[in-house]
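Visitor: First the structure, then my questions, so here it is.
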Amino acid sequence: MKSGYVSFIGRPNAGKSTLLNRLVGSKLAIVSDKPQTTRTRILGVRNYPDAQVVFLDTPGIHRPLHRMNVRMVDAAVQTIKEVDVVGLVVDASEPPGKGERFVVDLMKDVAAPVFLILNKVDLVRKPRLLPMIDRYQQEGRFEEIIPLSAATGENVDRLERTIIERLPEGERLYPDDYLTDQPERFFAAEIVREKLLQFTHAEIPFSSAVVIDRFEEPEGDKALLRLYCTIVVDRESQKPIVVGRGGEMVKKIGTAAREELERFFATRVYLDLHVRVKSEWREDERLLRELGIRD
Ligand SMILES: Nc1nc2c(ncn2[C@@H]2O[C@H](COP(=O)(O)OP(=O)(O)O)[C@@H](O)[C@H]2O)c(=O)[nH]1
Ligand SMILES: [Mg+2]
């Protein structure tokens, strides 16, 4: 039996959350085409016949402009020191630039084996992939280089086998049926935030948060989960955008979120959504703690 921790690190949008979801077979981490979607470390456990792997998804490494973002980057970097294998995830469909250089350099002093995961190969033609693999090989820093597609699943089994090979012998770290360490209300807020990210643009995704004000478990035969949420935005001018004309936008976010919440919690959901302005909330210690974005 083998067991251990693996953390996925990389720039925003590399596909770390998509990969975590595929590996654990459950949508624990929300995904969007906007950078900086993941704000905290998210843990997911996967059991294999001969191994238990604890995967950690992390916020993307970026230049932090707010206290929140400093925390986000810290949370990612912290995991590097605590795991048995580091998976550095790179978007292979983009030409490598300064951002890639920065994360590769971050791996210099890592004690654990570092695997380079070249993601999104479904978007890359082979002739472009091979020189890329070559160049990364010359870094001499990576124990393994694994091209794969988190979206289609191509070659993900090779990543799994290679990880298990490198893990130490050991008993399970969590019970068999254990999936994650985040509470249900965290996932509720994240699902609402994912829809908010899907339907809004420009600075809104970066400057909004979702707070669960009340989470009322289904009771009796009515089996209705009642959720009271607030979407927090940073500026007065953002509120009408999120609310939309005649409340159209918040309704659209609410409907999409409710459908996914009902799937996730396997129950009917009543969702009450409000929009509130709280300027500089990304610097607000108390709110960051409430959102689980802590020191
Ligand atoms: N085509 C393609 N898109 C992907 C793949 N993995 C992730 N994506 C997309 O890339 C974007 C960022 O993914 P996400 O998992 O949120 O990246 P993260 O910021 O690293 O967690 C989303 O639009 C995903 O659907 C992949 O293997 N192939
Ligand atoms: Mg993510």
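Residue numbering restarts at 1 for every chain of the structure tokens, chains are lettered A, B, ... in their displayed order, and ligands are numbered from 1 as they appear.
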Near region 209-213 of chain A, counting only C-alpha atoms, which residues have an atom at most 12 Å away, once you skip same-chain residues fewer than 3 positions from it, shown as a PyMOL selection string?

Guide: chain A and resi 37-39+68+183-197+204-206+216+226-234+242+253+257+271-282+287-293

Visitor: Taking only C-alpha atoms and all ligand atoms into account, report as number ranges by chain which residues have an atom no farther than 7 Å from an atom of ligand 2.

Guide: A: 12-13, 15-17, 29-31, 36-38, 57-60

Visitor: Env of region 76-83 of chain A: 9 Å cut, atoms = only C-alpha atoms, seq-sep filter 5 positions within chain, self excluded. Answer as a PDB file with N, CA and C atoms, in the first residue's frame.

Guide:
ATOM      1  N   GLY A   4       0.135   9.251   0.002  1.00  0.00           N
ATOM      2  CA  GLY A   4       0.858  10.501   0.108  1.00  0.00           C
ATOM      3  C   GLY A   4       0.125  11.660  -0.526  1.00  0.00           C
ATOM      4  N   TYR A   5       0.795  12.803  -0.449  1.00  0.00           N
ATOM      5  CA  TYR A   5       0.212  14.066  -0.914  1.00  0.00           C
ATOM      6  C   TYR A   5       0.860  14.534  -2.213  1.00  0.00           C
ATOM      7  N   VAL A   6       0.028  15.065  -3.103  1.00  0.00           N
ATOM      8  CA  VAL A   6       0.515  15.631  -4.360  1.00  0.00           C
ATOM      9  C   VAL A   6      -0.108  17.004  -4.524  1.00  0.00           C
ATOM     10  N   SER A   7       0.713  18.013  -4.809  1.00  0.00           N
ATOM     11  CA  SER A   7       0.134  19.337  -4.984  1.00  0.00           C
ATOM     12  C   SER A   7       0.312  19.812  -6.414  1.00  0.00           C
ATOM     13  N   PHE A   8      -0.737  20.411  -6.956  1.00  0.00           N
ATOM     14  CA  PHE A   8      -0.660  20.994  -8.296  1.00  0.00           C
ATOM     15  C   PHE A   8      -0.424  22.488  -8.172  1.00  0.00           C
ATOM     16  N   ILE A   9       0.651  22.921  -8.824  1.00  0.00           N
ATOM     17  CA  ILE A   9       1.108  24.306  -8.764  1.00  0.00           C
ATOM     18  C   ILE A   9       1.203  24.819 -10.192  1.00  0.00           C
ATOM     19  N   GLY A  10       1.031  26.113 -10.368  1.00  0.00           N
ATOM     20  CA  GLY A  10       1.232  26.652 -11.707  1.00  0.00           C
ATOM     21  C   GLY A  10       0.624  28.026 -11.852  1.00  0.00           C
ATOM     22  N   THR A  40      -8.322  29.237  -2.683  1.00  0.00           N
ATOM     23  CA  THR A  40      -7.779  28.520  -1.524  1.00  0.00           C
ATOM     24  C   THR A  40      -7.276  27.155  -1.977  1.00  0.00           C
ATOM     25  N   ARG A  41      -6.539  26.502  -1.104  1.00  0.00           N
ATOM     26  CA  ARG A  41      -6.111  25.156  -1.408  1.00  0.00           C
ATOM     27  C   ARG A  41      -7.310  24.234  -1.260  1.00  0.00           C
ATOM     28  N   LEU A  56      -3.834  18.093  -3.957  1.00  0.00           N
ATOM     29  CA  LEU A  56      -4.101  19.463  -3.524  1.00  0.00           C
ATOM     30  C   LEU A  56      -4.100  20.387  -4.726  1.00  0.00           C
ATOM     31  N   ASP A  57      -5.235  21.034  -4.946  1.00  0.00           N
ATOM     32  CA  ASP A  57      -5.321  22.067  -5.976  1.00  0.00           C
ATOM     33  C   ASP A  57      -4.994  23.389  -5.294  1.00  0.00           C
ATOM     34  N   THR A  58      -4.341  24.283  -6.003  1.00  0.00           N
ATOM     35  CA  THR A  58      -3.901  25.529  -5.368  1.00  0.00           C
ATOM     36  C   THR A  58      -4.204  26.736  -6.259  1.00  0.00           C
ATOM     37  N   PRO A  59      -4.254  27.922  -5.660  1.00  0.00           N
ATOM     38  CA  PRO A  59      -4.419  29.134  -6.474  1.00  0.00           C
ATOM     39  C   PRO A  59      -3.217  29.319  -7.403  1.00  0.00           C
ATOM     40  N   GLY A  60      -3.446  29.939  -8.548  1.00  0.00           N
ATOM     41  CA  GLY A  60      -2.361  30.173  -9.500  1.00  0.00           C
ATOM     42  C   GLY A  60      -1.330  31.152  -8.956  1.00  0.00           C
ATOM     43  N   ILE A  61      -0.088  30.936  -9.355  1.00  0.00           N
ATOM     44  CA  ILE A  61       0.987  31.840  -8.941  1.00  0.00           C
ATOM     45  C   ILE A  61       0.921  33.087  -9.820  1.00  0.00           C
ATOM     46  N   ARG A  71      -2.309  36.102   0.100  1.00  0.00           N
ATOM     47  CA  ARG A  71      -2.716  34.858   0.783  1.00  0.00           C
ATOM     48  C   ARG A  71      -2.837  33.708  -0.203  1.00  0.00           C
ATOM     49  N   LEU A 106      10.750  28.717  -9.239  1.00  0.00           N
ATOM     50  CA  LEU A 106      10.214  28.463  -7.899  1.00  0.00           C
ATOM     51  C   LEU A 106      10.474  27.021  -7.454  1.00  0.00           C
ATOM     52  N   MET A 107      10.681  26.140  -8.423  1.00  0.00           N
ATOM     53  CA  MET A 107      10.886  24.723  -8.128  1.00  0.00           C
ATOM     54  C   MET A 107      12.316  24.403  -7.725  1.00  0.00           C
ATOM     55  N   VAL A 110      12.891  22.934  -4.227  1.00  0.00           N
ATOM     56  CA  VAL A 110      11.883  21.998  -3.740  1.00  0.00           C
ATOM     57  C   VAL A 110      12.528  20.646  -3.465  1.00  0.00           C
ATOM     58  N   ALA A 111      12.256  20.125  -2.276  1.00  0.00           N
ATOM     59  CA  ALA A 111      12.873  18.856  -1.894  1.00  0.00           C
ATOM     60  C   ALA A 111      12.184  17.672  -2.574  1.00  0.00           C
ATOM     61  N   ALA A 112      10.877  17.749  -2.712  1.00  0.00           N
ATOM     62  CA  ALA A 112      10.107  16.638  -3.287  1.00  0.00           C
ATOM     63  C   ALA A 112      10.374  16.533  -4.790  1.00  0.00           C
TER      64      ALA A 112
END

Visitor: Among region 43-220 of chain A, which residues does DSSP mark as alpha helix (DSSP H) when it is run on the backbone? Keep the chain and numbering as in the structure and answer as number ranges by chain.

Guide: A: 67-80, 98-106, 126-138, 156-166, 184-199

Visitor: Just to be explicit: take each residue in the selection above, keep C-alpha atoms, and write the result as an mmCIF file, in the first residue's frame.

Guide:
data_model
loop_
_atom_site.group_PDB
_atom_site.id
_atom_site.type_symbol
_atom_site.label_atom_id
_atom_site.label_comp_id
_atom_site.auth_asym_id
_atom_site.auth_seq_id
_atom_site.Cartn_x
_atom_site.Cartn_y
_atom_site.Cartn_z
ATOM 1 C CA ARG A 67 -3.932 41.093 0.634
ATOM 2 C CA MET A 68 -6.256 38.370 -0.633
ATOM 3 C CA ASN A 69 -3.922 37.600 -3.512
ATOM 4 C CA VAL A 70 -0.870 37.513 -1.256
ATOM 5 C CA ARG A 71 -2.716 34.858 0.783
ATOM 6 C CA MET A 72 -3.640 32.971 -2.360
ATOM 7 C CA VAL A 73 -0.064 32.754 -3.606
ATOM 8 C CA ASP A 74 1.180 31.884 -0.103
ATOM 9 C CA ALA A 75 -1.328 29.049 0.127
ATOM 10 C CA ALA A 76 0.031 27.600 -3.111
ATOM 11 C CA VAL A 77 3.699 27.976 -2.219
ATOM 12 C CA GLN A 78 3.116 26.544 1.265
ATOM 13 C CA THR A 79 1.835 23.235 -0.157
ATOM 14 C CA ILE A 80 5.134 22.697 -2.002
ATOM 15 C CA LYS A 98 8.024 35.008 -18.101
ATOM 16 C CA GLY A 99 5.251 33.472 -16.023
ATOM 17 C CA GLU A 100 6.444 29.945 -16.796
ATOM 18 C CA ARG A 101 10.031 30.966 -16.085
ATOM 19 C CA PHE A 102 8.944 32.240 -12.686
ATOM 20 C CA VAL A 103 7.166 29.038 -11.648
ATOM 21 C CA VAL A 104 9.957 26.830 -12.975
ATOM 22 C CA ASP A 105 12.454 28.856 -10.919
ATOM 23 C CA LEU A 106 10.214 28.463 -7.899
ATOM 24 C CA LYS A 126 2.687 16.915 -31.973
ATOM 25 C CA PRO A 127 5.383 18.786 -33.937
ATOM 26 C CA ARG A 128 5.015 21.679 -31.534
ATOM 27 C CA LEU A 129 4.913 19.521 -28.444
ATOM 28 C CA LEU A 130 8.162 17.628 -28.919
ATOM 29 C CA PRO A 131 10.511 20.643 -28.930
ATOM 30 C CA MET A 132 8.698 21.932 -25.876
ATOM 31 C CA ILE A 133 9.298 18.677 -24.029
ATOM 32 C CA ASP A 134 12.928 18.862 -25.137
ATOM 33 C CA ARG A 135 13.418 22.350 -23.799
ATOM 34 C CA TYR A 136 11.907 21.531 -20.448
ATOM 35 C CA GLN A 137 14.029 18.370 -20.283
ATOM 36 C CA GLN A 138 17.138 20.508 -20.603
ATOM 37 C CA VAL A 156 -3.973 11.148 -17.181
ATOM 38 C CA ASP A 157 -3.618 7.459 -16.292
ATOM 39 C CA ARG A 158 0.100 7.726 -16.946
ATOM 40 C CA LEU A 159 0.316 10.611 -14.485
ATOM 41 C CA GLU A 160 -1.519 8.530 -11.891
ATOM 42 C CA ARG A 161 0.743 5.504 -12.327
ATOM 43 C CA THR A 162 3.871 7.641 -12.181
ATOM 44 C CA ILE A 163 2.702 9.424 -9.046
ATOM 45 C CA ILE A 164 1.877 6.166 -7.270
ATOM 46 C CA GLU A 165 5.324 4.799 -8.115
ATOM 47 C CA ARG A 166 6.912 7.762 -6.358
ATOM 48 C CA GLU A 184 -20.532 21.985 2.410
ATOM 49 C CA ARG A 185 -21.076 25.728 2.625
ATOM 50 C CA PHE A 186 -17.724 26.322 0.962
ATOM 51 C CA PHE A 187 -18.850 24.362 -2.088
ATOM 52 C CA ALA A 188 -22.191 26.143 -2.109
ATOM 53 C CA ALA A 189 -20.444 29.518 -2.244
ATOM 54 C CA GLU A 190 -18.015 28.303 -4.896
ATOM 55 C CA ILE A 191 -20.806 27.057 -7.161
ATOM 56 C CA VAL A 192 -22.487 30.459 -7.011
ATOM 57 C CA ARG A 193 -19.146 32.133 -7.681
ATOM 58 C CA GLU A 194 -18.511 29.909 -10.690
ATOM 59 C CA LYS A 195 -21.744 31.097 -12.323
ATOM 60 C CA LEU A 196 -20.883 34.679 -11.441
ATOM 61 C CA LEU A 197 -17.528 34.223 -13.201
ATOM 62 C CA GLN A 198 -19.213 32.607 -16.170
ATOM 63 C CA PHE A 199 -21.576 35.494 -16.826
#

Visitor: In Å, rounded to a single decimal, give me how far CA of Leu23 (chain A) is from CA of Gly170 (chain A).

Guide: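 Taking CA of Gly170 (chain A) and CA of Leu23 (chain A), their separation equals 20.3 Å.
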
Visitor: Quote the spacing between CA of Ala51 (chain A) and atom 20 (O, counted along the ligand's line) of ligand 1 in Å to one decimal place.

Guide: 25.1 Å

Visitor: Considering only C-alpha atoms and all ligand atoms, state which residue in the set A:Thr180, A:Gln52, A:Thr200, A:Asn119 is at the smallest distance from ligand 1.

Guide: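 Distance minimum relative to ligand 1 lands on A:Asn119.
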
Visitor: Which residues come within 9 Å of Leu224 (chain A), counting only C-alpha atoms, excluding same-chain residues fewer than 4 positions away, as a list in words?

Guide: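 Near neighbours after the sequence-gap exclusion: Glu216, Glu217, Pro218, Glu219, Gly220, Thr267, Arg268, Val269 and Tyr270 of chain A.
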
Visitor: For the residues selected in the previous step, produce a file with N, CA, C and O atoms as a PDB file, in the first residue's frame.

Guide:
ATOM      1  N   GLU A 216     -29.427  26.416   5.401  1.00  0.00           N
ATOM      2  CA  GLU A 216     -30.412  25.642   6.170  1.00  0.00           C
ATOM      3  C   GLU A 216     -30.588  24.272   5.547  1.00  0.00           C
ATOM      4  O   GLU A 216     -31.120  24.129   4.449  1.00  0.00           O
ATOM      5  N   GLU A 217     -30.130  23.274   6.270  1.00  0.00           N
ATOM      6  CA  GLU A 217     -30.203  21.889   5.804  1.00  0.00           C
ATOM      7  C   GLU A 217     -31.650  21.490   5.511  1.00  0.00           C
ATOM      8  O   GLU A 217     -32.556  21.949   6.195  1.00  0.00           O
ATOM      9  N   PRO A 218     -31.847  20.610   4.531  1.00  0.00           N
ATOM     10  CA  PRO A 218     -33.190  20.102   4.283  1.00  0.00           C
ATOM     11  C   PRO A 218     -33.705  19.369   5.522  1.00  0.00           C
ATOM     12  O   PRO A 218     -32.935  18.685   6.194  1.00  0.00           O
ATOM     13  N   GLU A 219     -34.967  19.550   5.786  1.00  0.00           N
ATOM     14  CA  GLU A 219     -35.556  18.939   6.979  1.00  0.00           C
ATOM     15  C   GLU A 219     -36.853  18.267   6.593  1.00  0.00           C
ATOM     16  O   GLU A 219     -37.603  18.791   5.780  1.00  0.00           O
ATOM     17  N   GLY A 220     -37.114  17.137   7.170  1.00  0.00           N
ATOM     18  CA  GLY A 220     -38.387  16.444   6.955  1.00  0.00           C
ATOM     19  C   GLY A 220     -38.575  16.034   5.509  1.00  0.00           C
ATOM     20  O   GLY A 220     -37.611  15.898   4.751  1.00  0.00           O
ATOM     21  N   THR A 267     -30.493  17.456  -3.895  1.00  0.00           N
ATOM     22  CA  THR A 267     -31.734  17.835  -3.243  1.00  0.00           C
ATOM     23  C   THR A 267     -32.267  19.101  -3.920  1.00  0.00           C
ATOM     24  O   THR A 267     -31.528  19.772  -4.641  1.00  0.00           O
ATOM     25  N   ARG A 268     -33.529  19.435  -3.679  1.00  0.00           N
ATOM     26  CA  ARG A 268     -34.037  20.684  -4.207  1.00  0.00           C
ATOM     27  C   ARG A 268     -33.449  21.843  -3.417  1.00  0.00           C
ATOM     28  O   ARG A 268     -33.170  21.715  -2.227  1.00  0.00           O
ATOM     29  N   VAL A 269     -33.224  22.961  -4.103  1.00  0.00           N
ATOM     30  CA  VAL A 269     -32.549  24.086  -3.476  1.00  0.00           C
ATOM     31  C   VAL A 269     -33.359  25.362  -3.656  1.00  0.00           C
ATOM     32  O   VAL A 269     -33.862  25.642  -4.745  1.00  0.00           O
ATOM     33  N   TYR A 270     -33.486  26.102  -2.568  1.00  0.00           N
ATOM     34  CA  TYR A 270     -34.006  27.469  -2.646  1.00  0.00           C
ATOM     35  C   TYR A 270     -32.810  28.390  -2.491  1.00  0.00           C
ATOM     36  O   TYR A 270     -32.055  28.273  -1.525  1.00  0.00           O
TER      37      TYR A 270
END

Visitor: Counting only C-alpha atoms and all ligand atoms, figure out which residue out of A:Ser93, A:Ala150, A:Leu28, A:Arg63 gets nearest to ligand 1.

Guide: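 Closest residue, counting only C-alpha atoms and all ligand atoms: A:Ala150.
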
Visitor: Compare A:Ala14, A:Val54, A:Leu173, A:Leu88 by their minimum atom-to-atom distance to ligand 1, counting only C-alpha atoms and all ligand atoms, and give me the closest one.

Guide: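 Answer, going by the shortest atom-to-atom distance: A:Ala14.
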
Visitor: Just want the 10 Å neighbourhood of Pro175 (chain A), counted on only C-alpha atoms, with same-chain residues fewer than 2 positions away dropped. Output as number ranges by chain.

Guide: A: 45, 47, 52, 172-173, 177-179

Visitor: Could you tell me how far CA of Ala202 (chain A) sits from CA of Glu260 (chain A), in Å to one decimal place?

Guide: 24.1 Å

Visitor: Which residue gives the smallest distance to ligand 1 among A:Asp109, A:Glu154, A:Asp50, A:Asp84, with only C-alpha atoms and all ligand atoms counted?

Guide: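 Going through A:Asp109, A:Glu154, A:Asp50, A:Asp84 one by one, the smallest distance to ligand 1 is for A:Glu154.
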
Visitor: Point out the residue among A:Ala256, A:Met1, A:Ala266, A:Ile117 with the least atom-to-atom distance to ligand 1, counting only C-alpha atoms and all ligand atoms.

Guide: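 Under the stated criterion, the closest residue is A:Ile117.
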
Visitor: Find the residues around Arg22 (chain A) up to 8 Å (only C-alpha atoms counted), leave out those fewer than 3 positions away in its own chain, and share them as a list of chain:residue names.

Guide: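 Counting only C-alpha atoms, the residues come to A:Thr18, A:Leu19, A:Gly25, A:Ser26, A:Lys27, A:Ala150, A:Ala151, A:Gly153.
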
Visitor: Those same residues, written as a PDB file, in the first residue's frame with C-alpha atoms?

Guide:
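Heads up, here's the output in selection_37.pdb:
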ATOM      1  CA  THR A  18      -9.739  20.728 -14.085  1.00  0.00           C
ATOM      2  CA  LEU A  19      -7.048  18.135 -13.388  1.00  0.00           C
ATOM      3  CA  GLY A  25     -13.972  12.150 -10.256  1.00  0.00           C
ATOM      4  CA  SER A  26     -15.943  14.898  -8.575  1.00  0.00           C
ATOM      5  CA  LYS A  27     -16.195  18.601  -9.191  1.00  0.00           C
ATOM      6  CA  ALA A 150      -7.107  17.348 -18.110  1.00  0.00           C
ATOM      7  CA  ALA A 151     -10.127  18.163 -20.266  1.00  0.00           C
ATOM      8  CA  GLY A 153      -8.421  12.691 -19.873  1.00  0.00           C
TER       9      GLY A 153
END
